[in-house]
Amino acid sequence: MVEHYQPTQEAALDRDCTTLSRHVFQQLQSFGPDAQDLSAIMNRIALAGKLIARRLTHADLVEDALGFTGRTNVQGEAVKKMDVFANDVFISVFKQSGLVCRLASEEMEAPYYIPENCPIGRYTLLYDPIDGSSNVDINLNVGSIFAIRQQQGEDIDQKASDLLTSGREQIAAGYILYGPSTVLVYSIGRGVHSFTLDASLGEFILANENIQAPSHGPNYSVNEGNFWQWEDSVRDYIRYVHRHEGYSARYSGALVGDFHRILMQGGVFLYPGTLKNPNGKLRLLYESAPLAFLMEQAGGRASTGVQDILDVKPDRLHARTPLIIGSPDDVALVESFIKERIREQEVLSASQR
Ligand code: AHG
Ligand code: MN
Ligand code: MN
């Protein structure tokens with residue numbers, strides 16, 4: 001009888017060999033064309049993450065890596081050299097890929113088309129190349145956020161109007177966190193999974209599968225310097241946490257870092273509207289919606305205060321929305337303060353009629 005070889009280290013090696021592209025196949029339980037595409041796309045995003053992480057690691061030693069470019073972007077924000085570099089990296093990794101026909105990012109007024117991919121590339125990448133740019137020059141954590149959508153229609157006029165739909169149209173979303181280690185978190189609608197970059201292998205290796213956000217957590221993450229600019233309802237919530245035991249303020253200036261803490265440990269991140277910006281600061285298509293997709297997949301919630309983020313339809317590419325995201329109980333608590341003030345307003349208006 002032929003004795004078949006049985007690897008002795010199978011479980012441990014399998015885990016070490018679970019790279020991102022293999023994980024996509026496992027999740028989809030298929031090697032069909034859609035699975036091939038998605039796996040290849042994730043592989044390219046991983047390459048972008050490695051290139052950006054490499055530059056960030058040595059940024060202070062590299063000529064022209066840090067500081068401002070002297071230009072402002074379509075949002076009116078000062079652009080950093082690292083924003084431009086990371087924006088270009090994502091374009092570069094998708095050139096000649098046959099995968100992604102359009103890329104839309106925070107740093108570009110209109111989508112970037114890769115015509116050679118368009119006959120076959122049915123996907124669009126939406127991304128925030130460097131999230132938390134204010135942290136770049138001081139060596140604190142930053143991130144990249146991404147979402148993948150399937151192109152709807154031909155888009156002959158290159159207006160990309162099919163992108164102005166809700167976050168429910170996303171087929172994948174995730175982020176890369178450039179911290180003490182480089183971590184990639186993604187979902188293709190089958191749970192949320194994290195991968196850590198093993199620099200010795202040059203590969204993202206599976207670290208945590210099926211991450212579940214706690215139903216409640218101690219962290220509240222918000223820029224309290226804006227207190228004077230908020231609606232009363234948000235101030236009510238902040239007064240509530242100040243007066244109750246068990247809350248910790250944690251705000252890093254980079255959404256990806258704050259989000260990661262809340263995903264793993266629970267709590268809530270808020271960027272509400274302010275007097276200056278009634279819809280807050282964060283952009284729906286490449287910041288709030290991808291993270292909302294992940295948070296819902298992890299059992300959490302994301303809301304504007306009155307509507308689920310994933311139901312919001314943007315009126316333009318760079319539209320902003322207020323964002324309340326995190327553990328379901330904590331998001332519900334913030335919403336309860338917002339709803340209470342709306343009710344009071346309605347009662348007041350009715351009495352004045
Ligand atoms: P970006 O660097 O992509 O413009 O995003 C910055 C965002 C987000 O990362 C962070 O949570 C928030 O802006 C910080 O804004 P404030 O400085 O207004 O708190
Ligand atoms: Mn950002
Ligand atoms: Mn950015």
# chains A, B, ... in the order shown; residues from 1 in each chain; ligands from 1

call {"tool": "select_by_dssp", "arguments": {"residues": "range 45-131 of chain A", "states": "alpha helix (DSSP H)", "output": "number ranges by chain"}}
result
A: 45-57, 81-94

call {"tool": "closest_atom_pairs", "arguments": {"of": "chain A", "to": "ligand 3", "cutoff": "8 Å", "atoms": "only C-alpha atoms and all ligand atoms", "output": "JSON lines"}}
result
{"residue": "A:Asp83", "atom": "CA", "partner": "ligand 3", "partner_atom_place_in_ligand_line": "1 (Mn)", "distance": 6.5}
{"residue": "A:Glu106", "atom": "CA", "partner": "ligand 3", "partner_atom_place_in_ligand_line": "1 (Mn)", "distance": 6.1}
{"residue": "A:Glu107", "atom": "CA", "partner": "ligand 3", "partner_atom_place_in_ligand_line": "1 (Mn)", "distance": 7.3}
{"residue": "A:Asp128", "atom": "CA", "partner": "ligand 3", "partner_atom_place_in_ligand_line": "1 (Mn)", "distance": 4.8}
{"residue": "A:Pro129", "atom": "CA", "partner": "ligand 3", "partner_atom_place_in_ligand_line": "1 (Mn)", "distance": 5.6}
{"residue": "A:Ile130", "atom": "CA", "partner": "ligand 3", "partner_atom_place_in_ligand_line": "1 (Mn)", "distance": 4.2}
{"residue": "A:Asp131", "atom": "CA", "partner": "ligand 3", "partner_atom_place_in_ligand_line": "1 (Mn)", "distance": 3.9}
{"residue": "A:Gly132", "atom": "CA", "partner": "ligand 3", "partner_atom_place_in_ligand_line": "1 (Mn)", "distance": 6.2}
{"residue": "A:Ser133", "atom": "CA", "partner": "ligand 3", "partner_atom_place_in_ligand_line": "1 (Mn)", "distance": 6.1}
{"residue": "A:Ser144", "atom": "CA", "partner": "ligand 3", "partner_atom_place_in_ligand_line": "1 (Mn)", "distance": 7.6}

call {"tool": "closest_residue", "arguments": {"among": "A:Ser248, A:Thr196, A:Thr124, A:Ser134", "to": "ligand 2", "atoms": "only C-alpha atoms and all ligand atoms"}}
result
A:Ser134

call {"tool": "select_by_dssp", "arguments": {"residues": "range 6-187 of chain A", "states": "strand (DSSP E)", "output": "number ranges by chain"}}
result
A: 68-72, 78-80, 100-105, 112-113, 123-131, 142-150, 170-178, 182-187

call {"tool": "residues_around", "arguments": {"residues": "Ile45 in chain A", "least_positions_apart": "2", "cutoff": "12 Å", "atoms": "only C-alpha atoms", "output": "ChimeraX atom specification"}}
result
/A:20-21,38-43,47-52,86,89-94,97,99-100,125-127,129,144-148,172-176,184-186,203-204

call {"tool": "residues_around", "arguments": {"residues": "Thr72 in chain A", "least_positions_apart": "6", "cutoff": "12 Å", "atoms": "only C-alpha atoms", "output": "PyMOL selection string"}}
result
chain A and resi 78-81+83-84+106-109

call {"tool": "residues_around", "arguments": {"residues": "Gly326 in chain A", "least_positions_apart": "3", "cutoff": "6 Å", "atoms": "only C-alpha atoms", "output": "VMD selection string"}}
result
chain A and resid 267 to 268 300 to 301

call {"tool": "closest_residue", "arguments": {"among": "A:Val234, A:Ile338, A:Ile211, A:Ala65", "to": "Gly266 in chain A", "atoms": "only C-alpha atoms"}}
result
A:Ile211

call {"tool": "residues_around", "arguments": {"residues": "range 302-314 of chain A", "least_positions_apart": "5", "cutoff": "6 Å", "atoms": "only C-alpha atoms", "output": "list in words"}}
result
Leu164, Thr165, Ser166, Gly167, Arg168, Ala292, Ala319, Pro322, Leu323, Ile324, Ile325 and Glu335 of chain A

call {"tool": "write_last_selection", "arguments": {"atoms": "all heavy atoms", "output": "PDB file, in the first residue's frame"}}
result
ATOM      1  N   LEU A 164     -22.378  57.866  -7.673  1.00  0.00           N
ATOM      2  CA  LEU A 164     -23.182  58.630  -6.715  1.00  0.00           C
ATOM      3  C   LEU A 164     -24.347  57.785  -6.196  1.00  0.00           C
ATOM      4  O   LEU A 164     -25.513  58.161  -6.302  1.00  0.00           O
ATOM      5  CB  LEU A 164     -23.673  59.937  -7.342  1.00  0.00           C
ATOM      6  CG  LEU A 164     -22.553  60.826  -7.917  1.00  0.00           C
ATOM      7  CD1 LEU A 164     -23.115  62.141  -8.436  1.00  0.00           C
ATOM      8  CD2 LEU A 164     -21.484  61.100  -6.854  1.00  0.00           C
ATOM      9  N   THR A 165     -24.005  56.640  -5.664  1.00  0.00           N
ATOM     10  CA  THR A 165     -25.000  55.727  -5.103  1.00  0.00           C
ATOM     11  C   THR A 165     -24.571  55.357  -3.685  1.00  0.00           C
ATOM     12  O   THR A 165     -23.466  55.708  -3.257  1.00  0.00           O
ATOM     13  CB  THR A 165     -25.117  54.448  -5.961  1.00  0.00           C
ATOM     14  OG1 THR A 165     -23.804  53.939  -6.166  1.00  0.00           O
ATOM     15  CG2 THR A 165     -25.763  54.726  -7.306  1.00  0.00           C
ATOM     16  N   SER A 166     -25.430  54.652  -2.997  1.00  0.00           N
ATOM     17  CA  SER A 166     -25.168  54.412  -1.574  1.00  0.00           C
ATOM     18  C   SER A 166     -24.021  53.420  -1.358  1.00  0.00           C
ATOM     19  O   SER A 166     -23.626  52.688  -2.266  1.00  0.00           O
ATOM     20  CB  SER A 166     -26.434  53.898  -0.892  1.00  0.00           C
ATOM     21  OG  SER A 166     -26.512  52.501  -1.060  1.00  0.00           O
ATOM     22  N   GLY A 167     -23.549  53.392  -0.140  1.00  0.00           N
ATOM     23  CA  GLY A 167     -22.443  52.505   0.244  1.00  0.00           C
ATOM     24  C   GLY A 167     -22.797  51.034   0.175  1.00  0.00           C
ATOM     25  O   GLY A 167     -21.928  50.174   0.275  1.00  0.00           O
ATOM     26  N   ARG A 168     -24.095  50.745   0.011  1.00  0.00           N
ATOM     27  CA  ARG A 168     -24.502  49.328  -0.131  1.00  0.00           C
ATOM     28  C   ARG A 168     -23.980  48.749  -1.440  1.00  0.00           C
ATOM     29  O   ARG A 168     -23.987  47.538  -1.632  1.00  0.00           O
ATOM     30  CB  ARG A 168     -26.031  49.186  -0.095  1.00  0.00           C
ATOM     31  CG  ARG A 168     -26.656  49.863   1.109  1.00  0.00           C
ATOM     32  CD  ARG A 168     -27.201  48.883   2.129  1.00  0.00           C
ATOM     33  NE  ARG A 168     -27.675  49.603   3.301  1.00  0.00           N
ATOM     34  CZ  ARG A 168     -27.267  49.378   4.548  1.00  0.00           C
ATOM     35  NH1 ARG A 168     -26.389  48.425   4.814  1.00  0.00           N
ATOM     36  NH2 ARG A 168     -27.725  50.081   5.542  1.00  0.00           N
ATOM     37  N   ALA A 292     -17.903  52.361   7.263  1.00  0.00           N
ATOM     38  CA  ALA A 292     -19.240  51.927   7.682  1.00  0.00           C
ATOM     39  C   ALA A 292     -19.486  50.473   7.243  1.00  0.00           C
ATOM     40  O   ALA A 292     -20.058  49.674   7.986  1.00  0.00           O
ATOM     41  CB  ALA A 292     -20.304  52.836   7.078  1.00  0.00           C
ATOM     42  N   ALA A 319     -18.630  64.574  -1.591  1.00  0.00           N
ATOM     43  CA  ALA A 319     -19.635  64.947  -0.581  1.00  0.00           C
ATOM     44  C   ALA A 319     -19.189  64.510   0.819  1.00  0.00           C
ATOM     45  O   ALA A 319     -18.533  63.480   0.984  1.00  0.00           O
ATOM     46  CB  ALA A 319     -20.966  64.293  -0.922  1.00  0.00           C
ATOM     47  N   PRO A 322     -21.812  63.873   8.299  1.00  0.00           N
ATOM     48  CA  PRO A 322     -21.440  63.665   9.699  1.00  0.00           C
ATOM     49  C   PRO A 322     -21.227  62.162   9.906  1.00  0.00           C
ATOM     50  O   PRO A 322     -21.854  61.356   9.213  1.00  0.00           O
ATOM     51  CB  PRO A 322     -22.669  64.143  10.479  1.00  0.00           C
ATOM     52  CG  PRO A 322     -23.502  64.918   9.503  1.00  0.00           C
ATOM     53  CD  PRO A 322     -23.178  64.376   8.148  1.00  0.00           C
ATOM     54  N   LEU A 323     -20.355  61.798  10.824  1.00  0.00           N
ATOM     55  CA  LEU A 323     -20.085  60.365  11.046  1.00  0.00           C
ATOM     56  C   LEU A 323     -20.099  60.029  12.537  1.00  0.00           C
ATOM     57  O   LEU A 323     -19.398  60.669  13.331  1.00  0.00           O
ATOM     58  CB  LEU A 323     -18.707  59.994  10.453  1.00  0.00           C
ATOM     59  CG  LEU A 323     -18.250  58.544  10.667  1.00  0.00           C
ATOM     60  CD1 LEU A 323     -19.163  57.554   9.937  1.00  0.00           C
ATOM     61  CD2 LEU A 323     -16.794  58.340  10.215  1.00  0.00           C
ATOM     62  N   ILE A 324     -20.909  59.026  12.869  1.00  0.00           N
ATOM     63  CA  ILE A 324     -20.928  58.460  14.230  1.00  0.00           C
ATOM     64  C   ILE A 324     -20.783  56.966  14.022  1.00  0.00           C
ATOM     65  O   ILE A 324     -21.677  56.330  13.433  1.00  0.00           O
ATOM     66  CB  ILE A 324     -22.261  58.789  14.941  1.00  0.00           C
ATOM     67  CG1 ILE A 324     -22.444  60.310  15.018  1.00  0.00           C
ATOM     68  CG2 ILE A 324     -22.312  58.171  16.327  1.00  0.00           C
ATOM     69  CD1 ILE A 324     -23.889  60.738  15.118  1.00  0.00           C
ATOM     70  N   ILE A 325     -19.683  56.389  14.455  1.00  0.00           N
ATOM     71  CA  ILE A 325     -19.386  55.000  14.053  1.00  0.00           C
ATOM     72  C   ILE A 325     -18.766  54.242  15.212  1.00  0.00           C
ATOM     73  O   ILE A 325     -17.944  54.802  15.954  1.00  0.00           O
ATOM     74  CB  ILE A 325     -18.450  55.012  12.813  1.00  0.00           C
ATOM     75  CG1 ILE A 325     -18.310  53.629  12.183  1.00  0.00           C
ATOM     76  CG2 ILE A 325     -17.073  55.587  13.127  1.00  0.00           C
ATOM     77  CD1 ILE A 325     -17.706  53.640  10.775  1.00  0.00           C
ATOM     78  N   GLU A 335     -27.218  58.676  19.074  1.00  0.00           N
ATOM     79  CA  GLU A 335     -28.446  58.944  18.297  1.00  0.00           C
ATOM     80  C   GLU A 335     -29.598  59.356  19.200  1.00  0.00           C
ATOM     81  O   GLU A 335     -30.424  60.187  18.816  1.00  0.00           O
ATOM     82  CB  GLU A 335     -28.858  57.691  17.513  1.00  0.00           C
ATOM     83  CG  GLU A 335     -28.013  57.456  16.274  1.00  0.00           C
ATOM     84  CD  GLU A 335     -28.399  56.142  15.580  1.00  0.00           C
ATOM     85  OE1 GLU A 335     -28.861  55.198  16.278  1.00  0.00           O
ATOM     86  OE2 GLU A 335     -28.227  56.046  14.363  1.00  0.00           O
TER      87      GLU A 335
END

call {"tool": "residues_around", "arguments": {"residues": "range 254-258 of chain A", "least_positions_apart": "4", "cutoff": "7 Å", "atoms": "only C-alpha atoms", "output": "NGL selection string"}}
result
:A and (131-132 or 141-143 or 177 or 221 or 262)

call {"tool": "write_last_selection", "arguments": {"atoms": "N, CA, C and O atoms", "output": "mmCIF file, in the first residue's frame"}}
result
data_model
loop_
_atom_site.group_PDB
_atom_site.id
_atom_site.type_symbol
_atom_site.label_atom_id
_atom_site.label_comp_id
_atom_site.auth_asym_id
_atom_site.auth_seq_id
_atom_site.Cartn_x
_atom_site.Cartn_y
_atom_site.Cartn_z
ATOM 1 N N ASP A 131 -4.682 59.001 5.064
ATOM 2 C CA ASP A 131 -5.656 59.529 6.008
ATOM 3 C C ASP A 131 -4.914 59.920 7.290
ATOM 4 O O ASP A 131 -4.117 59.131 7.812
ATOM 5 N N GLY A 132 -5.182 61.155 7.740
ATOM 6 C CA GLY A 132 -4.501 61.627 8.945
ATOM 7 C C GLY A 132 -3.205 62.327 8.596
ATOM 8 O O GLY A 132 -2.220 62.232 9.336
ATOM 9 N N ASN A 141 0.798 57.571 13.684
ATOM 10 C CA ASN A 141 0.141 56.677 12.734
ATOM 11 C C ASN A 141 -0.724 57.422 11.721
ATOM 12 O O ASN A 141 -1.334 58.437 12.011
ATOM 13 N N VAL A 142 -0.710 56.891 10.508
ATOM 14 C CA VAL A 142 -1.598 57.350 9.439
ATOM 15 C C VAL A 142 -2.198 56.096 8.780
ATOM 16 O O VAL A 142 -1.900 54.976 9.204
ATOM 17 N N GLY A 143 -3.019 56.296 7.770
ATOM 18 C CA GLY A 143 -3.630 55.137 7.117
ATOM 19 C C GLY A 143 -3.946 55.407 5.667
ATOM 20 O O GLY A 143 -3.699 56.498 5.146
ATOM 21 N N LEU A 177 -3.332 50.426 8.024
ATOM 22 C CA LEU A 177 -2.904 51.260 9.145
ATOM 23 C C LEU A 177 -1.380 51.173 9.242
ATOM 24 O O LEU A 177 -0.826 50.080 9.408
ATOM 25 N N SER A 221 -14.143 59.083 20.816
ATOM 26 C CA SER A 221 -13.079 59.635 19.991
ATOM 27 C C SER A 221 -13.657 60.781 19.173
ATOM 28 O O SER A 221 -14.466 60.564 18.262
ATOM 29 N N ILE A 262 -11.425 51.371 17.988
ATOM 30 C CA ILE A 262 -12.836 51.135 18.322
ATOM 31 C C ILE A 262 -13.313 49.787 17.782
ATOM 32 O O ILE A 262 -14.062 49.077 18.437
#

call {"tool": "closest_residue", "arguments": {"among": "A:Ala53, A:Leu282, A:Val241, A:Cys118", "to": "ligand 2", "atoms": "only C-alpha atoms and all ligand atoms"}}
result
A:Leu282

call {"tool": "closest_residue", "arguments": {"among": "A:Asp88, A:Glu231, A:Glu245, A:Asp137", "to": "ligand 1", "atoms": "only C-alpha atoms and all ligand atoms"}}
result
A:Asp137

call {"tool": "closest_residue", "arguments": {"among": "A:Lys159, A:His193, A:Arg341, A:Arg149", "to": "Ser233 in chain A", "atoms": "only C-alpha atoms"}}
result
A:Arg341

call {"tool": "atom_distance", "arguments": {"atom1": "CA of Gly98 in chain A", "atom2": "CA of Gln170 in chain A"}}
result
19.5 Å

call {"tool": "atom_distance", "arguments": {"atom1": "CA of His318 in chain A", "atom2": "CA of Ser187 in chain A"}}
result
22.9 Å

call {"tool": "closest_residue", "arguments": {"among": "A:Pro214, A:Pro290, A:Pro115, A:Gly76", "to": "ligand 1", "atoms": "only C-alpha atoms and all ligand atoms"}}
result
A:Gly76

call {"tool": "atom_distance", "arguments": {"atom1": "CA of Asp64 in chain A", "atom2": "CA of Asn135 in chain A"}}
result
16.5 Å
